[in-house]
Structure formats: C-alpha cells, structure tokens
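Peer 1: What follows is run_31.tsv; its format and atoms are TSV, C-alpha atoms and all ligand atoms.
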```tsv
chain	number	residue	atom	x	y	z
T	1	MET	CA	7.88	-23.45	17.07
T	2	GLU	CA	11.66	-23.82	17.40
T	3	SER	CA	13.47	-21.55	19.85
T	4	SER	CA	15.84	-18.95	18.38
T	5	GLN	CA	18.66	-21.04	19.94
T	6	ASN	CA	17.69	-23.98	17.72
T	7	ILE	CA	17.23	-21.82	14.67
T	8	SER	CA	20.58	-20.14	15.17
T	9	SER	CA	22.35	-23.46	15.51
T	10	ILE	CA	20.66	-24.84	12.38
T	11	PHE	CA	21.64	-21.76	10.42
T	12	ALA	CA	24.96	-21.20	12.19
T	13	LEU	CA	23.80	-17.64	12.96
T	14	PRO	CA	23.86	-15.81	16.30
T	15	ALA	CA	20.48	-15.38	18.07
T	16	GLN	CA	20.32	-11.72	16.96
T	17	ALA	CA	20.71	-13.05	13.43
T	18	LYS	CA	22.70	-10.85	11.10
T	19	LEU	CA	22.80	-11.78	7.46
T	20	SER	CA	26.19	-11.94	5.87
T	21	PRO	CA	26.70	-8.78	3.75
T	22	GLY	CA	26.48	-11.01	0.66
T	23	ASP	CA	23.11	-12.52	1.65
T	24	PHE	CA	21.74	-9.12	2.69
T	25	GLU	CA	22.67	-7.75	-0.76
T	26	TYR	CA	21.11	-10.83	-2.34
T	27	ALA	CA	17.82	-10.38	-0.45
T	28	ALA	CA	17.82	-6.62	-1.13
T	29	LYS	CA	18.37	-7.21	-4.85
T	30	LEU	CA	15.50	-9.70	-5.06
T	31	LEU	CA	13.15	-7.37	-3.17
T	32	ARG	CA	14.07	-4.32	-5.22
T	33	GLY	CA	13.74	-6.20	-8.50
T	34	ARG	CA	10.32	-7.58	-7.65
T	35	ALA	CA	8.64	-4.82	-5.58
T	36	GLY	CA	10.84	-1.74	-6.09
T	37	ILE	CA	11.40	-1.49	-2.34
T	38	VAL	CA	14.94	-0.40	-1.41
T	39	LEU	CA	16.09	-2.19	1.73
T	40	GLY	CA	18.20	0.19	3.86
T	41	ALA	CA	21.28	-1.15	5.67
T	42	HIS	CA	19.57	-0.51	9.04
T	43	LYS	CA	17.16	-3.37	8.15
T	44	GLN	CA	19.93	-5.96	8.13
T	45	GLU	CA	19.18	-7.39	11.56
T	46	MET	CA	15.41	-7.50	11.03
T	47	ALA	CA	15.93	-9.10	7.61
T	48	GLY	CA	18.26	-11.68	9.14
T	49	ARG	CA	15.77	-12.73	11.80
T	50	THR	CA	12.78	-12.74	9.44
T	51	LEU	CA	14.46	-14.69	6.67
T	52	ALA	CA	16.10	-17.19	9.03
T	53	LEU	CA	12.73	-17.99	10.61
T	54	ARG	CA	10.96	-18.26	7.29
T	55	ALA	CA	13.67	-20.33	5.61
T	56	HIS	CA	13.67	-22.71	8.55
T	57	ALA	CA	9.87	-22.92	8.65
T	58	ILE	CA	9.69	-24.14	5.06
T	59	GLY	CA	12.59	-26.53	5.35
T	60	HIS	CA	15.60	-24.73	3.86
T	61	LYS	CA	19.05	-25.33	5.33
T	62	SER	CA	20.13	-21.71	5.06
T	63	VAL	CA	18.88	-18.27	4.12
T	64	HIS	CA	21.09	-18.44	1.07
T	65	GLU	CA	19.33	-21.60	-0.08
T	66	TYR	CA	15.94	-19.92	0.53
T	67	LEU	CA	16.96	-16.90	-1.56
T	68	ASP	CA	18.28	-19.16	-4.32
T	69	GLU	CA	14.88	-20.84	-4.44
T	70	LEU	CA	13.16	-17.47	-4.91
T	71	ALA	CA	15.67	-16.39	-7.54
T	72	ARG	CA	15.23	-19.64	-9.46
T	73	ASN	CA	11.46	-19.65	-9.36
T	74	PRO	CA	9.72	-16.34	-10.20
T	75	THR	CA	6.29	-17.98	-9.86
T	76	SER	CA	6.95	-19.48	-6.41
T	77	PRO	CA	4.07	-18.73	-3.99
T	78	GLU	CA	6.80	-17.96	-1.45
T	79	TRP	CA	7.36	-14.59	-3.15
T	80	GLU	CA	4.16	-13.37	-1.51
T	81	MET	CA	5.46	-14.13	1.99
T	82	PHE	CA	8.89	-12.69	1.17
T	83	ILE	CA	7.42	-9.37	-0.01
T	84	ASN	CA	4.83	-9.15	2.78
T	85	SER	CA	7.71	-9.41	5.29
T	86	PHE	CA	9.30	-6.19	4.05
T	87	THR	CA	6.38	-3.85	3.39
T	88	ILE	CA	5.73	-0.99	5.79
T	89	ASN	CA	1.98	-0.58	6.20
T	90	HIS	CA	1.82	2.53	8.36
T	91	THR	CA	-1.40	4.43	7.55
T	92	ALA	CA	-4.35	6.19	9.19
T	93	PHE	CA	-7.87	7.44	8.55
T	94	PHE	CA	-7.82	11.05	7.29
T	95	ARG	CA	-4.01	11.02	7.11
T	96	GLU	CA	-2.91	14.36	5.60
T	97	GLN	CA	-6.44	15.69	5.89
T	98	HIS	CA	-5.95	18.63	3.50
T	99	HIS	CA	-5.95	16.10	0.62
T	100	PHE	CA	-9.52	15.09	1.38
T	101	GLU	CA	-10.65	18.71	1.39
T	102	ILE	CA	-9.02	19.12	-2.04
T	103	LEU	CA	-10.59	15.85	-3.24
T	104	ALA	CA	-14.06	16.96	-2.05
T	105	ARG	CA	-13.82	20.25	-3.99
T	106	PHE	CA	-12.40	18.46	-7.05
T	107	VAL	CA	-15.12	15.81	-7.36
T	108	ARG	CA	-17.96	18.33	-6.98
T	109	THR	CA	-16.88	19.98	-10.23
T	110	ARG	CA	-16.04	16.78	-12.15
T	111	ARG	CA	-18.14	15.05	-14.74
T	112	LYS	CA	-19.67	11.90	-13.17
T	113	PRO	CA	-19.17	8.98	-12.67
T	114	ILE	CA	-16.05	9.43	-10.57
T	115	SER	CA	-13.40	6.73	-10.44
T	116	ILE	CA	-10.43	6.82	-8.03
T	117	TRP	CA	-7.41	4.49	-7.78
T	118	CYS	CA	-5.90	4.14	-4.34
T	119	SER	CA	-2.70	2.42	-5.44
T	120	ALA	CA	-0.98	1.66	-2.09
T	121	ALA	CA	-4.03	1.15	0.06
T	122	SER	CA	-2.36	-0.80	2.87
T	123	THR	CA	-4.94	-1.95	5.46
T	124	GLY	CA	-7.78	0.16	4.06
T	125	GLU	CA	-7.90	3.35	6.12
T	126	GLU	CA	-7.00	5.47	3.08
T	127	PRO	CA	-9.54	4.03	0.58
T	128	TYR	CA	-12.33	4.14	3.19
T	129	THR	CA	-11.44	7.80	3.87
T	130	ILE	CA	-11.68	8.45	0.12
T	131	ALA	CA	-15.03	6.63	0.08
T	132	MET	CA	-16.43	8.78	2.92
T	133	THR	CA	-15.21	11.92	1.14
T	134	LEU	CA	-16.88	10.89	-2.13
T	135	ARG	CA	-20.14	9.90	-0.46
T	136	GLU	CA	-20.30	13.23	1.39
T	137	SER	CA	-19.43	15.23	-1.75
T	138	CYS	CA	-21.74	13.30	-4.07
T	139	PRO	CA	-24.56	12.15	-1.76
T	140	GLN	CA	-27.11	11.36	-4.51
T	141	PRO	CA	-27.21	7.54	-4.67
T	142	ASP	CA	-27.51	7.55	-8.47
T	143	VAL	CA	-24.21	9.48	-8.90
T	144	GLY	CA	-21.63	6.82	-9.65
T	145	VAL	CA	-18.50	6.85	-7.49
T	146	SER	CA	-16.03	4.00	-7.27
T	147	ILE	CA	-12.64	3.31	-5.75
T	148	TRP	CA	-10.17	0.65	-6.81
T	149	ALA	CA	-7.96	-0.01	-3.78
T	150	THR	CA	-4.81	-2.03	-4.40
T	151	ASP	CA	-1.57	-2.95	-2.67
T	152	ILE	CA	1.22	-5.44	-3.23
T	153	ASP	CA	0.82	-6.80	0.32
T	154	THR	CA	-1.73	-9.62	0.32
T	155	ASN	CA	-2.14	-9.57	4.14
T	156	ALA	CA	-2.78	-5.83	4.18
T	157	ILE	CA	-5.38	-6.08	1.41
T	158	GLN	CA	-7.12	-8.93	3.23
T	159	ARG	CA	-7.40	-6.76	6.37
T	160	ALA	CA	-8.61	-3.86	4.23
T	161	ARG	CA	-11.33	-6.05	2.74
T	162	GLU	CA	-12.47	-7.10	6.21
T	163	GLY	CA	-12.82	-3.43	7.22
T	164	VAL	CA	-12.63	-4.14	10.96
T	165	TYR	CA	-10.56	-1.81	13.14
T	166	PRO	CA	-9.84	-1.27	16.83
T	167	GLN	CA	-11.80	1.72	18.10
T	168	GLU	CA	-8.68	3.84	18.65
T	169	ARG	CA	-7.89	3.64	14.89
T	170	VAL	CA	-11.04	5.60	14.06
T	171	LYS	CA	-10.26	8.53	16.39
T	172	PRO	CA	-9.52	10.83	13.40
T	173	VAL	CA	-12.96	10.04	11.86
T	174	PRO	CA	-15.53	12.80	12.58
T	175	GLU	CA	-18.26	11.68	15.01
T	176	ASP	CA	-21.13	12.00	12.50
T	177	TYR	CA	-19.22	9.94	9.90
T	178	LEU	CA	-18.59	7.28	12.56
T	179	HIS	CA	-22.34	6.92	13.11
T	180	LYS	CA	-23.09	6.92	9.40
T	181	TYR	CA	-20.37	4.63	8.11
T	182	PHE	CA	-19.28	2.29	10.95
T	183	GLN	CA	-20.93	-0.30	13.18
T	184	ARG	CA	-19.71	-0.72	16.75
T	185	GLY	CA	-18.86	-4.28	17.75
T	186	THR	CA	-20.61	-5.90	20.70
T	187	GLY	CA	-19.85	-9.00	22.78
T	188	ARG	CA	-16.67	-10.63	21.51
T	189	ARG	CA	-16.28	-7.73	19.07
T	190	ALA	CA	-16.51	-5.00	21.72
T	191	GLY	CA	-13.79	-2.40	21.15
T	192	LEU	CA	-13.89	-2.96	17.38
T	193	VAL	CA	-15.70	-1.10	14.64
T	194	ARG	CA	-16.67	-2.39	11.20
T	195	VAL	CA	-17.14	-0.45	7.99
T	196	LYS	CA	-20.80	-0.58	6.94
T	197	ASP	CA	-21.64	-2.31	3.67
T	198	SER	CA	-23.01	0.96	2.22
T	199	LEU	CA	-19.45	2.37	2.33
T	200	ARG	CA	-17.58	-0.83	1.59
T	201	SER	CA	-19.60	-1.35	-1.58
T	202	LEU	CA	-17.93	1.71	-3.10
T	203	VAL	CA	-14.51	0.05	-2.85
T	204	GLU	CA	-13.16	-2.83	-4.90
T	205	PHE	CA	-9.99	-4.35	-3.41
T	206	GLY	CA	-7.22	-6.12	-5.27
T	207	VAL	CA	-3.55	-7.05	-5.20
T	208	PHE	CA	-1.48	-4.96	-7.61
T	209	ASN	CA	2.29	-4.51	-7.80
T	210	LEU	CA	3.21	-1.07	-9.15
T	211	LEU	CA	6.09	-2.78	-10.97
T	212	GLN	CA	3.90	-5.27	-12.82
T	213	ASN	CA	3.38	-5.04	-16.56
T	214	ASP	CA	-0.38	-5.11	-17.13
T	215	TRP	CA	-1.71	-1.70	-16.14
T	216	PRO	CA	-5.21	-0.14	-16.17
T	217	ALA	CA	-6.43	1.22	-19.51
T	218	PRO	CA	-5.76	4.85	-20.50
T	219	GLY	CA	-8.21	7.40	-19.11
T	220	SER	CA	-9.54	5.11	-16.37
T	221	PHE	CA	-9.36	7.42	-13.35
T	222	ASP	CA	-10.22	10.93	-12.19
T	223	ALA	CA	-7.61	10.76	-9.43
T	224	ILE	CA	-4.88	8.47	-8.16
T	225	PHE	CA	-3.64	8.27	-4.60
T	226	CYS	CA	-0.06	7.04	-4.26
T	227	ARG	CA	1.00	8.40	-0.92
T	228	ASN	CA	3.97	7.53	1.29
T	229	THR	CA	5.05	4.67	-0.95
T	230	MET	CA	7.36	6.15	-3.62
T	231	ILE	CA	9.77	7.05	-0.77
T	232	TYR	CA	10.68	3.35	-0.63
T	233	PHE	CA	11.63	3.30	-4.34
T	234	ASP	CA	14.67	4.70	-6.13
T	235	LYS	CA	14.32	7.67	-8.52
T	236	ALA	CA	14.33	5.55	-11.69
T	237	THR	CA	11.47	3.41	-10.37
T	238	GLN	CA	9.55	6.49	-9.22
T	239	THR	CA	9.88	8.05	-12.70
T	240	LYS	CA	8.75	4.86	-14.43
T	241	ILE	CA	5.67	4.56	-12.20
T	242	LEU	CA	4.76	8.25	-12.63
T	243	GLU	CA	4.95	7.89	-16.40
T	244	ARG	CA	2.63	4.91	-16.21
T	245	PHE	CA	0.18	6.69	-13.89
T	246	ALA	CA	-0.21	9.66	-16.26
T	247	PRO	CA	-2.02	7.93	-19.16
T	248	THR	CA	-4.39	6.12	-16.78
T	249	LEU	CA	-5.75	9.50	-15.63
T	250	LYS	CA	-8.50	11.37	-17.45
T	251	THR	CA	-7.75	14.92	-18.64
T	252	GLY	CA	-7.26	17.23	-15.65
T	253	GLY	CA	-6.90	14.21	-13.33
T	254	LEU	CA	-5.06	14.53	-10.02
T	255	LEU	CA	-2.26	12.56	-8.40
T	256	PHE	CA	-2.04	12.75	-4.61
T	257	ALA	CA	1.47	12.17	-3.18
T	258	GLY	CA	2.74	11.82	0.38
T	259	HIS	CA	3.90	14.81	2.43
T	260	SER	CA	7.61	14.11	1.89
T	261	GLU	CA	7.40	13.10	-1.77
T	262	ASN	CA	8.44	15.51	-4.51
T	263	PHE	CA	7.99	14.45	-8.13
T	264	THR	CA	8.60	17.85	-9.72
T	265	TYR	CA	12.05	17.07	-11.13
T	266	LEU	CA	11.33	13.49	-12.18
T	267	THR	CA	8.97	13.87	-15.13
T	268	ASP	CA	7.03	16.34	-17.28
T	269	ALA	CA	3.94	14.11	-17.11
T	270	PHE	CA	2.67	16.01	-14.04
T	271	ARG	CA	2.88	19.53	-12.68
T	272	LEU	CA	2.56	20.48	-9.05
T	273	GLN	CA	-0.75	22.07	-8.16
T	274	GLY	CA	0.17	22.56	-4.49
T	275	GLN	CA	0.19	20.67	-1.17
T	276	THR	CA	1.73	17.55	-2.79
T	277	VAL	CA	-1.13	17.32	-5.30
T	278	TYR	CA	-0.12	16.99	-8.97
T	279	VAL	CA	-2.20	17.52	-12.07
T	280	LYS	CA	-1.68	15.56	-15.27
T	281	SER	CA	0.14	17.82	-17.80
T	301	LIG	C1	3.48	3.37	4.28
T	301	LIG	S1	2.18	2.52	3.44
T	301	LIG	C2	1.23	3.90	2.84
T	301	LIG	C3	-0.24	3.64	2.95
T	301	LIG	C4	-1.14	4.79	2.49
T	301	LIG	N1	-0.93	5.09	1.10
T	301	LIG	C5	-0.94	6.01	3.33
T	301	LIG	O1	-0.31	6.97	2.89
T	301	LIG	O2	-1.41	6.02	4.48
T	301	LIG	C6	3.04	1.96	1.95
T	301	LIG	C7	2.29	0.85	1.23
T	301	LIG	O3	2.89	0.68	-0.05
T	301	LIG	C8	2.77	-0.70	-0.39
T	301	LIG	N2	3.74	-1.02	-1.46
T	301	LIG	C9	5.09	-1.14	-1.36
T	301	LIG	N3	5.60	-1.51	-2.55
T	301	LIG	C10	4.56	-1.62	-3.42
T	301	LIG	C11	4.46	-1.97	-4.79
T	301	LIG	N4	5.53	-2.30	-5.52
T	301	LIG	N5	3.23	-1.99	-5.35
T	301	LIG	C12	2.12	-1.68	-4.63
T	301	LIG	N6	2.16	-1.36	-3.32
T	301	LIG	C13	3.37	-1.32	-2.72
T	301	LIG	C14	3.06	-1.39	0.92
T	301	LIG	O4	2.60	-2.72	0.95
T	301	LIG	C15	2.35	-0.48	1.93
T	301	LIG	O5	1.07	-0.96	2.25
```
So, in terms of structure tokens, how does the structure I just supplied come out?

Peer 2:
Amino acid sequence: MESSQNISSIFALPAQAKLSPGDFEYAAKLLRGRAGIVLGAHKQEMAGRTLALRAHAIGHKSVHEYLDELARNPTSPEWEMFINSFTINHTAFFREQHHFEILARFVRTRRKPISIWCSAASTGEEPYTIAMTLRESCPQPDVGVSIWATDIDTNAIQRAREGVYPQERVKPVPEDYLHKYFQRGTGRRAGLVRVKDSLRSLVEFGVFNLLQNDWPAPGSFDAIFCRNTMIYFDKATQTKILERFAPTLKTGGLLFAGHSENFTYLTDAFRLQGQTVYVKS
C-alpha cells in the first residue's frame, strides 16, 4: 500500500486530504442522488481521505476523474464501494427495546403468517432481535414467521448473513435467549458468538436501496422497521419513501421509526401510534 505521502503527491493533496469544495459538492451530489444520504460539511476531510485512497487504488489520476467515472457509468461496480464508504452502520441488539415489547404484543393478535421487513438492517443485530421476538411470541413451529432484512450496504449485509459477533455485542441479549439462539465460539473462535441456524432460518437477507424503483408488492408485510436511517435523508426523500412503504403494509400494519425521527408532518399515509411507532392510515 502507498504511504499517504505518496498518495498526496500523486493527487496534489495535503496528507490530511481535503476535497476542493467543488469535488466535495460533486461527491455529495452523486451520493445523495444514488442513496439519498446527505453528506454533511463536517465529512469533508473523511470524504477526501477515503476518495483519494480509493481513486488511487483503482488507477485514477484524481478524485475528480474517479467521480466523473461514476457519473458517466451508472452500472459501474465501483458504485457499491463508493456507497459502502459513506454508510453509517451503528446498530445494536435490542436497540430501543420498547419497540420489541410493542412488536411482541402486536404479533400475538395478528393473523398468521407474520411477515416483517427490516429495511435498513445494517450488520444484522436488528433483524435477529426481531427474529427472537417473533419466535418468543409465536413459539409454535408451524406458525409462519419471516423477516426480510435488507440494506444498501453490501458489506454490512454480508456480515449480517454470517451472524457472527464479538461477545460484548450480545450484552443486551437476555441470558436465556443467548443460550437458546446463539452458539459460543471455541478455539480460534473463542470470544465470538454465532446465531444458531434455527433463528437464522427465519431471516432472508438481501441488498435493497430504498431509492430503487422495483418495490415489494402491495400488502406484503405486517410491519416495517426503518429506524435511524431516514435521518440521513432530506425531507422530500423521507416523504417519498414513506409513501412507498404504506402500500406494502397490510391493513393495520406498523412502521417502526428511530427515536429521533418524526414523520407526522410529512405524509397522511401514517399516523403516530406512540413511541415512534406509526400505523398505516
Ligand atoms: C445507523 S444504521 C441503522 C441500523 C438499524 N436500523 C438500527 O436502527 O439499529 C443506518 C443503515 O441505513 C442504511 N442505509 C443508508 N441509506 C440507505 C438506502 N438508501 N437504502 C437502504 N439502506 C440504507 C445504511 O447502510 C445503514 O446500515
């Protein structure tokens, strides 16, 4: 790997690479257009370093040239790397625990089978928490429960599929669930835990961009989780996504949002039920 000294000389950028305002705007526009993610000005230095390294690694003479290549070629495989560089994957098991208590009560009263879409699943902690909640609420093996867990970030979804976590990640998981749903690693895998197949089999993973055109069929889901993701989008994008979520829910279906997300004034498609849970109007 080249040192940052070499990279900076090749790109005529200082070691703490800052993009020119024009190139930062260019990168931000491409990212927003493709993934909806709004790149704040405080990301300029990080973006500079990331893009300079990546552009250099794949043989471009400048970040500008790299961005031109993306702009010119919407089907370039490089888009995947570009987007993965800017996603924020922060998540946890049983994050915002009150939602899982609400989900447990909700599914007990619903007509079965139950189908849930976890639409920004990151590295898997959220869909596996949903899976544990469903299994505990509907323990009969013949009661159908399924989760479709998607994210735009291909690396995150790959890690989610693997279902292997350092032991400290599962601290929020109740002890009896840990025994039931996880295997402890031994030998080289000591300090890691792995989701058991009995839980993993409830979850189907996939890559899905909330801005893409082909969406799930109407009435597909009992509930959708889209938590701590809309905050990265502007209001127009949030509204568009909410209006696409609504038809994919069954009557009375729920939308779970993140703790700082408020959709009340964006659309009539949902009304707030409480604790950042929305019901389809
Ligand atoms: C902060 S994480 C939230 C994870 C989880 N929902 C939670 O609340 O713990 C945000 C996730 O949204 C995903 N994301 C960002 N833009 C997206 C898009 N256009 N389509 C689908 N997922 C997207 C990111 O890759 C990231 O994994």

Peer 1: Residues contacting ligand LIG 301 (chain T) - anything with an atom at most 7 Å away, using only C-alpha atoms and all ligand atoms - can you give me those as a PyMOL selection string?

Peer 2: chain T and resi 35-37+87-92+95+119-123+126+150-153+156+208-211+226-229+258

Peer 1: Taking all atoms listed in the file into account, name the residue in T:Arg244, T:Arg54, T:Arg110, T:His99 that is nearest to Phe270 of chain T.

Peer 2: T:Arg244

Peer 1: For the point (26.5, -11.1, 6.6) in file coordinates, what residues are within 12 Å, counting only C-alpha atoms? Give the answer as JSON, numbers by chain?

Peer 2: {"T": [12, 13, 14, 17, 18, 19, 20, 21, 22, 23, 24, 25, 26, 27, 41, 44, 45, 47, 48, 63, 64]}

Peer 1: Please determine, counting only C-alpha atoms, which residue among T:Ser198, T:Met132, T:Glu261, T:Trp148 has the shortest atom-to-atom distance to Asp176 of chain T.

Peer 2: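 Ranked by minimum distance to Asp176 of chain T, first place goes to T:Met132.
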
Peer 1: How far is it from atom CA of Cys118 of chain T to atom CA of Gly185 of chain T, in Å with one decimal?

Peer 2: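 Separation of atom CA of Cys118 of chain T and atom CA of Gly185 of chain T: 27.0 Å.
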
Peer 1: May I ask for the distance between atom CA of Ala28 of chain T and atom CA of Leu67 of chain T, given in Å to one decimal place?

Peer 2: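 Value for the atom CA of Ala28 of chain T-atom CA of Leu67 of chain T distance: 10.3 Å.
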
Peer 1: With distances taken over all atoms listed in the file, which of T:Ala57, T:Leu242, T:Gly40, T:Asn155 is nearest to Ser85 of chain T?

Peer 2: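 Going through T:Ala57, T:Leu242, T:Gly40, T:Asn155 one by one, the smallest distance to Ser85 of chain T is for T:Asn155.
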
Peer 1: What separation in Å, quoted to one decimal, exists between atom CA of Glu243 of chain T and atom CA of Ile116 of chain T?

Peer 2: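 Computing the Euclidean distance for atom CA of Glu243 of chain T and atom CA of Ile116 of chain T yields 17.5 Å.
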